[in-house]
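S.K.: One file is attached below, query19.csv, containing CSV, C-alpha atoms.
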chain,number,residue,atom,x,y,z
A,1,MET,CA,0.0,0.0,0.0
A,2,ARG,CA,2.9,2.3,0.9
A,3,ARG,CA,4.5,1.6,-2.5
A,4,LEU,CA,1.3,2.5,-4.3
A,5,ALA,CA,1.0,5.7,-2.4
A,6,ALA,CA,4.6,6.6,-3.2
A,7,LEU,CA,4.0,5.9,-6.9
A,8,ILE,CA,1.0,8.2,-6.9
A,9,VAL,CA,2.9,10.9,-5.2
A,10,LEU,CA,5.8,10.6,-7.7
A,11,ILE,CA,3.5,10.8,-10.7
A,12,GLY,CA,1.9,13.8,-9.1
A,13,LEU,CA,5.2,15.5,-8.5
A,14,VAL,CA,6.4,14.9,-12.1
A,15,THR,CA,3.1,16.2,-13.5
A,16,ALA,CA,3.2,19.3,-11.4
A,17,ALA,CA,6.8,19.9,-12.4
A,18,ALA,CA,5.9,19.4,-16.0
A,19,ALA,CA,3.3,22.1,-15.6
A,20,ALA,CA,5.9,24.5,-14.3
A,21,LEU,CA,8.4,23.6,-17.0
A,22,GLY,CA,5.8,24.1,-19.7
A,23,ALA,CA,4.8,27.5,-18.4
A,24,ALA,CA,8.4,28.6,-17.8
A,25,ALA,CA,10.1,27.4,-20.9
A,26,PRO,CA,10.6,30.4,-23.2
A,27,SER,CA,9.2,29.9,-26.7
A,28,GLY,CA,11.8,31.9,-28.5
A,29,LYS,CA,11.1,32.8,-32.1
A,30,ALA,CA,8.1,31.1,-33.7
A,31,GLY,CA,10.1,29.3,-36.3
A,32,SER,CA,13.0,29.5,-38.7
A,33,THR,CA,13.4,32.2,-41.4
A,34,ALA,CA,12.4,29.7,-44.0
A,35,ALA,CA,9.3,28.8,-42.1
A,36,THR,CA,8.1,32.4,-41.7
A,37,ALA,CA,8.2,32.8,-45.4
A,38,LEU,CA,5.6,30.0,-45.8
A,39,PRO,CA,1.8,30.6,-45.7
A,40,PRO,CA,0.3,29.9,-42.3
A,41,ARG,CA,-1.5,26.8,-43.5
A,42,PRO,CA,-0.5,24.3,-46.1
A,43,LYS,CA,-2.8,23.1,-48.9
A,44,LEU,CA,-4.2,19.9,-47.3
A,45,PRO,CA,-6.2,17.0,-48.9
A,46,ALA,CA,-9.8,16.5,-48.1
A,47,LEU,CA,-10.6,15.5,-44.5
A,48,PRO,CA,-11.8,12.0,-43.8
A,49,ALA,CA,-15.6,12.0,-44.4
A,50,ALA,CA,-16.5,11.0,-40.8
A,51,VAL,CA,-14.2,13.6,-39.2
A,52,LYS,CA,-15.6,16.3,-41.5
A,53,ALA,CA,-19.2,15.4,-40.7
A,54,ARG,CA,-18.5,15.3,-37.0
A,55,GLY,CA,-16.8,18.7,-37.1
A,56,LYS,CA,-13.9,17.7,-34.9
A,57,TRP,CA,-11.2,15.1,-34.4
A,58,GLU,CA,-11.3,12.3,-31.8
A,59,ILE,CA,-7.8,11.5,-30.8
A,60,GLY,CA,-6.2,9.2,-28.3
A,61,VAL,CA,-3.4,10.7,-26.2
A,62,LYS,CA,-1.4,9.7,-23.1
A,63,CYS,CA,-2.7,11.3,-19.9
A,64,ASP,CA,0.0,10.0,-17.5
A,65,THR,CA,3.3,10.7,-19.4
A,66,PRO,CA,4.5,14.2,-18.7
A,67,PRO,CA,5.7,16.3,-20.3
A,68,PHE,CA,4.5,14.7,-23.6
A,69,GLY,CA,1.0,13.7,-22.8
A,70,TRP,CA,-0.6,14.4,-19.4
A,71,GLN,CA,-3.4,16.3,-17.6
A,72,ASP,CA,-2.9,19.2,-15.3
A,73,THR,CA,-4.8,19.7,-12.0
A,74,SER,CA,-7.8,21.2,-13.8
A,75,GLY,CA,-8.0,18.1,-16.1
A,76,ARG,CA,-6.7,19.9,-19.2
A,77,ASN,CA,-4.7,17.8,-21.6
A,78,ARG,CA,-1.2,19.1,-22.1
A,79,GLY,CA,2.1,18.2,-23.6
A,80,TYR,CA,3.9,17.8,-27.0
A,81,ASP,CA,1.6,15.2,-28.4
A,82,VAL,CA,-1.5,17.2,-27.3
A,83,GLU,CA,-0.2,20.3,-29.0
A,84,VAL,CA,0.4,18.4,-32.2
A,85,ALA,CA,-3.2,17.1,-32.1
A,86,ARG,CA,-4.4,20.7,-31.5
A,87,GLN,CA,-2.5,21.8,-34.5
A,88,PHE,CA,-4.4,19.2,-36.6
A,89,ALA,CA,-7.6,20.6,-35.2
A,90,LYS,CA,-6.6,24.2,-36.1
A,91,TRP,CA,-5.8,23.3,-39.7
A,92,ALA,CA,-8.8,21.1,-40.1
A,93,PHE,CA,-11.5,23.3,-38.5
A,94,GLY,CA,-9.9,26.6,-37.7
A,95,SER,CA,-9.8,26.1,-34.0
A,96,THR,CA,-7.5,24.2,-31.6
A,97,SER,CA,-10.6,23.3,-29.5
A,98,LYS,CA,-12.1,21.1,-32.3
A,99,VAL,CA,-10.8,17.9,-30.8
A,100,THR,CA,-11.9,15.5,-28.2
A,101,PHE,CA,-9.2,13.7,-26.3
A,102,THR,CA,-9.4,10.1,-25.0
A,103,CYS,CA,-6.9,8.9,-22.5
A,104,VAL,CA,-4.9,5.8,-23.6
A,105,THR,CA,-2.1,3.9,-22.1
A,106,THR,CA,0.8,2.0,-23.8
A,107,ALA,CA,-1.2,-1.2,-23.4
A,108,SER,CA,-4.6,0.1,-24.5
A,109,ARG,CA,-3.8,2.6,-27.3
A,110,ILE,CA,-3.7,0.3,-30.3
A,111,GLY,CA,-6.9,-1.5,-29.2
A,112,THR,CA,-8.6,1.9,-28.7
A,113,LEU,CA,-7.6,2.8,-32.2
A,114,THR,CA,-8.5,-0.5,-34.0
A,115,SER,CA,-11.9,-0.6,-32.1
A,116,GLY,CA,-12.9,2.7,-33.7
A,117,ARG,CA,-13.2,4.7,-30.5
A,118,VAL,CA,-10.8,7.3,-31.8
A,119,ASP,CA,-9.8,8.5,-35.3
A,120,ILE,CA,-6.0,8.4,-34.6
A,121,ILE,CA,-3.6,8.0,-31.7
A,122,VAL,CA,-0.9,10.6,-31.0
A,123,SER,CA,0.5,8.8,-28.0
A,124,THR,CA,4.3,8.4,-27.8
A,125,LEU,CA,3.9,5.6,-30.3
A,126,THR,CA,7.4,4.4,-31.2
A,127,TRP,CA,7.6,2.6,-34.6
A,128,THR,CA,8.1,-1.1,-34.5
A,129,ALA,CA,7.8,-3.7,-37.4
A,130,GLU,CA,5.5,-5.7,-35.2
A,131,ARG,CA,3.1,-2.9,-34.5
A,132,GLU,CA,3.1,-2.0,-38.2
A,133,LYS,CA,1.5,-5.3,-39.0
A,134,THR,CA,-1.6,-4.2,-37.0
A,135,ILE,CA,-1.8,-0.4,-37.8
A,136,ASN,CA,-0.5,2.2,-40.2
A,137,TYR,CA,2.0,4.8,-39.1
A,138,SER,CA,2.1,8.4,-40.3
A,139,VAL,CA,5.3,9.9,-41.4
A,140,PRO,CA,7.4,10.6,-38.2
A,141,TYR,CA,6.6,13.6,-36.0
A,142,TYR,CA,9.2,13.0,-33.2
A,143,GLY,CA,12.5,11.2,-32.9
A,144,ALA,CA,12.5,9.4,-29.6
A,145,VAL,CA,15.9,8.3,-28.1
A,146,GLY,CA,16.5,5.7,-25.4
A,147,ARG,CA,18.3,6.9,-22.3
A,148,LEU,CA,19.2,5.6,-18.9
A,149,LEU,CA,18.0,7.1,-15.6
A,150,VAL,CA,20.4,6.5,-12.7
A,151,LYS,CA,21.3,7.9,-9.3
A,152,ASN,CA,23.5,11.0,-9.3
A,153,ASP,CA,26.5,9.2,-7.8
A,154,VAL,CA,26.6,6.5,-10.6
A,155,THR,CA,29.2,6.8,-13.3
A,156,ALA,CA,28.1,4.7,-16.3
A,157,GLY,CA,30.8,4.0,-18.8
A,158,LYS,CA,30.7,2.2,-22.2
A,159,LEU,CA,27.4,0.4,-22.3
A,160,SER,CA,28.7,-3.0,-23.5
A,161,ASP,CA,30.9,-3.1,-20.3
A,162,TRP,CA,28.8,-1.2,-17.8
A,163,MET,CA,25.6,-3.2,-18.3
A,164,ARG,CA,27.2,-6.5,-17.3
A,165,GLY,CA,25.7,-7.7,-14.0
A,166,LYS,CA,23.4,-4.7,-13.7
A,167,LYS,CA,19.7,-4.8,-13.0
A,168,ILE,CA,17.7,-2.8,-15.5
A,169,VAL,CA,14.0,-2.1,-15.5
A,170,SER,CA,11.6,-1.0,-18.2
A,171,THR,CA,8.0,-1.6,-19.3
A,172,SER,CA,6.7,-4.9,-20.8
A,173,GLY,CA,6.9,-5.4,-24.5
A,174,SER,CA,9.0,-2.3,-25.1
A,175,ILE,CA,11.8,-2.1,-27.6
A,176,TYR,CA,14.2,-1.9,-24.6
A,177,ASP,CA,12.9,-5.3,-23.4
A,178,ARG,CA,13.9,-6.9,-26.7
A,179,TRP,CA,17.2,-5.0,-27.0
A,180,ILE,CA,18.4,-6.0,-23.6
A,181,LYS,CA,17.4,-9.7,-24.2
A,182,ASN,CA,19.1,-9.7,-27.6
A,183,CYS,CA,22.3,-7.8,-26.7
A,184,PHE,CA,23.0,-7.9,-23.0
A,185,LYS,CA,22.9,-11.6,-21.9
A,186,GLU,CA,24.6,-10.8,-18.6
A,187,THR,CA,22.2,-8.1,-17.7
A,188,SER,CA,19.2,-8.8,-15.4
A,189,PHE,CA,16.0,-7.3,-16.9
A,190,GLN,CA,12.8,-6.8,-14.9
A,191,VAL,CA,9.5,-5.6,-16.1
A,192,VAL,CA,7.8,-2.7,-14.2
A,193,ALA,CA,4.1,-1.8,-14.5
A,194,SER,CA,4.9,1.8,-15.5
A,195,PRO,CA,7.7,4.3,-16.1
A,196,GLY,CA,6.8,5.8,-12.7
A,197,ALA,CA,7.3,2.5,-11.0
A,198,GLY,CA,10.7,2.2,-12.7
A,199,VAL,CA,11.7,5.6,-11.3
A,200,LEU,CA,10.8,4.3,-7.8
A,201,ALA,CA,12.9,1.1,-8.4
A,202,VAL,CA,16.0,3.2,-9.2
A,203,ARG,CA,15.4,5.6,-6.3
A,204,ASN,CA,14.9,2.8,-3.8
A,205,GLY,CA,18.0,0.8,-5.0
A,206,GLN,CA,15.9,-2.0,-6.4
A,207,ALA,CA,17.4,-1.4,-9.9
A,208,ASP,CA,20.6,0.1,-11.2
A,209,ALA,CA,18.9,2.0,-14.0
A,210,LEU,CA,15.6,2.7,-15.8
A,211,MET,CA,15.8,2.4,-19.5
A,212,TYR,CA,13.1,4.4,-21.3
A,213,ASP,CA,12.3,7.1,-23.8
A,214,ASP,CA,14.0,10.5,-23.2
A,215,ALA,CA,10.5,12.0,-23.6
A,216,PHE,CA,9.6,10.8,-20.2
A,217,LEU,CA,13.0,10.8,-18.5
A,218,VAL,CA,13.6,14.5,-19.2
A,219,GLY,CA,10.7,15.4,-16.9
A,220,VAL,CA,12.1,13.3,-14.1
A,221,ALA,CA,15.7,14.3,-14.5
A,222,ALA,CA,14.8,18.0,-14.6
A,223,ASN,CA,13.1,17.9,-11.2
A,224,ALA,CA,14.6,15.0,-9.2
A,225,ALA,CA,17.5,16.1,-7.1
A,226,ASP,CA,18.8,12.6,-6.7
A,227,LEU,CA,18.5,11.3,-10.3
A,228,LYS,CA,20.0,12.0,-13.7
A,229,MET,CA,20.1,10.8,-17.3
A,230,THR,CA,23.4,9.4,-18.5
A,231,SER,CA,25.0,10.7,-21.7
A,232,HIS,CA,24.2,7.5,-23.6
A,233,ARG,CA,21.7,7.8,-26.5
A,234,PHE,CA,20.5,4.6,-28.2
A,235,LEU,CA,17.6,3.0,-30.1
A,236,ASN,CA,16.9,6.3,-32.0
A,237,VAL,CA,13.5,5.3,-33.4
A,238,PRO,CA,10.8,7.9,-34.4
A,239,TRP,CA,7.2,8.1,-33.2
A,240,GLY,CA,4.4,8.1,-35.6
A,241,VAL,CA,0.7,8.9,-35.4
A,242,GLY,CA,-1.3,5.6,-35.3
A,243,ILE,CA,-3.9,5.1,-38.1
A,244,ARG,CA,-6.2,2.2,-38.8
A,245,LYS,CA,-5.2,-0.1,-41.6
A,246,GLY,CA,-7.1,0.7,-44.8
A,247,ASP,CA,-8.0,4.3,-43.6
A,248,VAL,CA,-6.4,5.9,-46.7
A,249,SER,CA,-8.0,9.3,-46.4
A,250,THR,CA,-6.9,9.8,-42.8
A,251,LYS,CA,-3.3,8.8,-43.5
A,252,ARG,CA,-3.2,11.1,-46.5
A,253,TRP,CA,-4.4,14.1,-44.5
A,254,VAL,CA,-2.3,13.4,-41.4
A,255,ASP,CA,0.9,12.9,-43.5
A,256,ALA,CA,0.3,16.1,-45.3
A,257,ALA,CA,-0.3,18.0,-42.0
A,258,ILE,CA,2.9,16.6,-40.5
A,259,ARG,CA,4.9,17.6,-43.6
A,260,GLY,CA,3.4,21.1,-43.4
A,261,MET,CA,4.4,21.4,-39.7
A,262,LYS,CA,7.9,20.2,-40.5
A,263,ALA,CA,8.3,22.7,-43.3
A,264,ARG,CA,7.2,25.5,-40.9
A,265,ASP,CA,9.4,24.2,-38.1
A,266,LEU,CA,6.4,23.9,-35.8
A,267,PHE,CA,7.6,20.8,-34.1
A,268,TRP,CA,10.6,22.6,-32.6
A,269,THR,CA,8.4,25.5,-31.6
A,270,ILE,CA,6.2,23.0,-29.7
A,271,LEU,CA,9.1,21.1,-28.2
A,272,LYS,CA,10.7,24.2,-26.8
A,273,LYS,CA,7.5,24.8,-24.8
A,274,THR,CA,7.6,21.2,-23.5
A,275,ILE,CA,11.2,20.8,-22.1
A,276,PRO,CA,13.5,23.0,-20.0
A,277,ARG,CA,16.0,25.3,-21.9
A,278,ARG,CA,19.0,23.4,-20.6
A,279,PHE,CA,17.9,20.3,-22.6
A,280,TYR,CA,17.5,22.2,-25.9
A,281,THR,CA,20.8,21.1,-27.3
A,282,THR,CA,20.2,17.5,-26.5
A,283,PHE,CA,16.7,17.4,-27.9
A,284,LYS,CA,17.1,19.6,-31.0
A,285,LYS,CA,17.5,16.7,-33.3
A,286,ASN,CA,14.4,15.0,-31.9
A,287,ALA,CA,12.1,17.4,-33.7
A,288,PRO,CA,11.5,17.1,-37.5
A,289,SER,CA,12.4,20.4,-39.2
A,290,PRO,CA,13.2,21.7,-42.7
A,291,LYS,CA,16.8,20.5,-42.1
A,292,ASN,CA,16.0,17.4,-40.1
A,293,THR,CA,14.2,14.5,-41.7
A,294,LEU,CA,13.4,11.4,-39.5
A,295,LYS,CA,13.0,7.9,-41.0
A,296,TYR,CA,11.8,4.6,-39.6
A,297,PRO,CA,14.5,1.9,-39.6
A,298,ARG,CA,12.4,-0.6,-41.5
A,299,THR,CA,15.3,-2.3,-43.2
A,300,ASP,CA,17.5,-2.4,-40.0
A,301,PRO,CA,15.6,-3.2,-36.8
A,302,PRO,CA,17.5,-1.3,-34.1
A,303,GLU,CA,16.7,-3.8,-31.3
A,304,ASN,CA,19.0,-6.3,-33.1
A,305,ASN,CA,21.9,-3.9,-33.3
A,306,CYS,CA,24.1,-4.6,-30.3
A,307,PRO,CA,26.8,-2.1,-29.2
A,308,THR,CA,30.4,-3.2,-29.4
Since I need it in another form, could you write the structure as structure tokens?
M.R.:
Amino acid sequence: MRRLAALIVLIGLVTAAAAALGAAAPSGKAGSTAATALPPRPKLPALPAAVKARGKWEIGVKCDTPPFGWQDTSGRNRGYDVEVARQFAKWAFGSTSKVTFTCVTTASRIGTLTSGRVDIIVSTLTWTAEREKTINYSVPYYGAVGRLLVKNDVTAGKLSDWMRGKKIVSTSGSIYDRWIKNCFKETSFQVVASPGAGVLAVRNGQADALMYDDAFLVGVAANAADLKMTSHRFLNVPWGVGIRKGDVSTKRWVDAAIRGMKARDLFWTILKKTIPRRFYTTFKKNAPSPKNTLKYPRTDPPENNCPT
């Protein structure tokens, strides 16, 4: 019971901190010089008939993964993914409010999409070949990177050496689960119920590190006095918007909208409002931009690439 209470408190602290970070992070200029020369809205294909008839999008987002998809104390959805979804609403209907959000989890999001409860999912959805058998992906809209969260007094050297004999935690079915099992035979891997539970495991000394997306770990590292991200960056695999198989009109519209946002450097504008300024250099390449094109590693599955 005490562990559950501690987990709830931790998630609350991270969420509250993310709210402060989002409010405090300066937005800088709205975009690059090239982006400001473009019209405010690209020419987009016809909206999917059901979405147009409804007059709004219905989109699945994370509600427990600050600072990329979460709810503040008033219940308002916030974060990078949420702002991307609101941009879709603005370009489709002229208002960022023309969208209804449905909370999804890592385990529930694909089922929520395929059951027809939402039009699309914008929910920290890392590309994998296995998932692409079930759903379609949009073109990438964020380049997630794997990182390690450790205690401040830990010095982690070369991964192929440091990981030996260590106890690493991550969530079930993640790309990190497969990578560790493929490449680090002498590493003990344990599944945790959530990223927040992984943070507690590191803090309590039950694990040496939490391996997870930098999108989540940045919020923890920015506000936890006893924890940090190591300098390692691995499994650089983009996120995509999840779309039902066969939904050609939705994929066409979403892909065009993402390309329009990329051309206008809107992803970096949104990302700067999501993370603290001190992480700008580290995260700059995570955002698609006119000079940064992200690609899915379809011909070279990253979880099979072991570090030397």
S.K.: To one decimal place, how far is CA of Gln71 (chain A) from CA of Ser123 (chain A) in Å?
M.R.: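 Going from CA of Gln71 (chain A) over to CA of Ser123 (chain A) covers 13.4 Å.
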S.K.: What's around Cys103 (chain A) at 7 Å? Count all atoms listed in the file, leave out sequence neighbours fewer than 2 positions away in its own chain, and write the answer as a list in words.
M.R.: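 Skipping anything fewer than 2 positions along the chain leaves Gly60, Val61, Lys62, Cys63, Phe101 and Thr105 of chain A.
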S.K.: Taking 2 positions as the minimum chain separation for residues in the same chain, which residues sit within 6 Å of region 228-234 of chain A when counting all atoms listed in the file? Answer as a PDB file with C-alpha atoms, keeping the file's coordinate frame.
M.R.:
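Here's the written file result08.pdb:
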ATOM      1  CA  VAL A 145      15.900   8.300 -28.100  1.00  0.00           C
ATOM      2  CA  GLY A 146      16.500   5.700 -25.400  1.00  0.00           C
ATOM      3  CA  ARG A 147      18.300   6.900 -22.300  1.00  0.00           C
ATOM      4  CA  LEU A 148      19.200   5.600 -18.900  1.00  0.00           C
ATOM      5  CA  LEU A 149      18.000   7.100 -15.600  1.00  0.00           C
ATOM      6  CA  VAL A 150      20.400   6.500 -12.700  1.00  0.00           C
ATOM      7  CA  ASN A 152      23.500  11.000  -9.300  1.00  0.00           C
ATOM      8  CA  ALA A 221      15.700  14.300 -14.500  1.00  0.00           C
ATOM      9  CA  ASN A 236      16.900   6.300 -32.000  1.00  0.00           C
TER      10      ASN A 236
END
S.K.: Compile the contact shell of region 84-96 of chain A as a PyMOL selection string: residues with an atom at most 9 Å away, counting all atoms listed in the file, same-chain residues fewer than 6 positions apart removed.
M.R.: chain A and resi 41-42+44+47+52+55-57+59+61+122+141+254+257-258+261+266-267+270
S.K.: Go through A:Thr73, A:Pro195, A:Tyr142, A:Met211 and flag the residue nearest Trp179 (chain A), using only C-alpha atoms for the distances.
M.R.: A:Met211
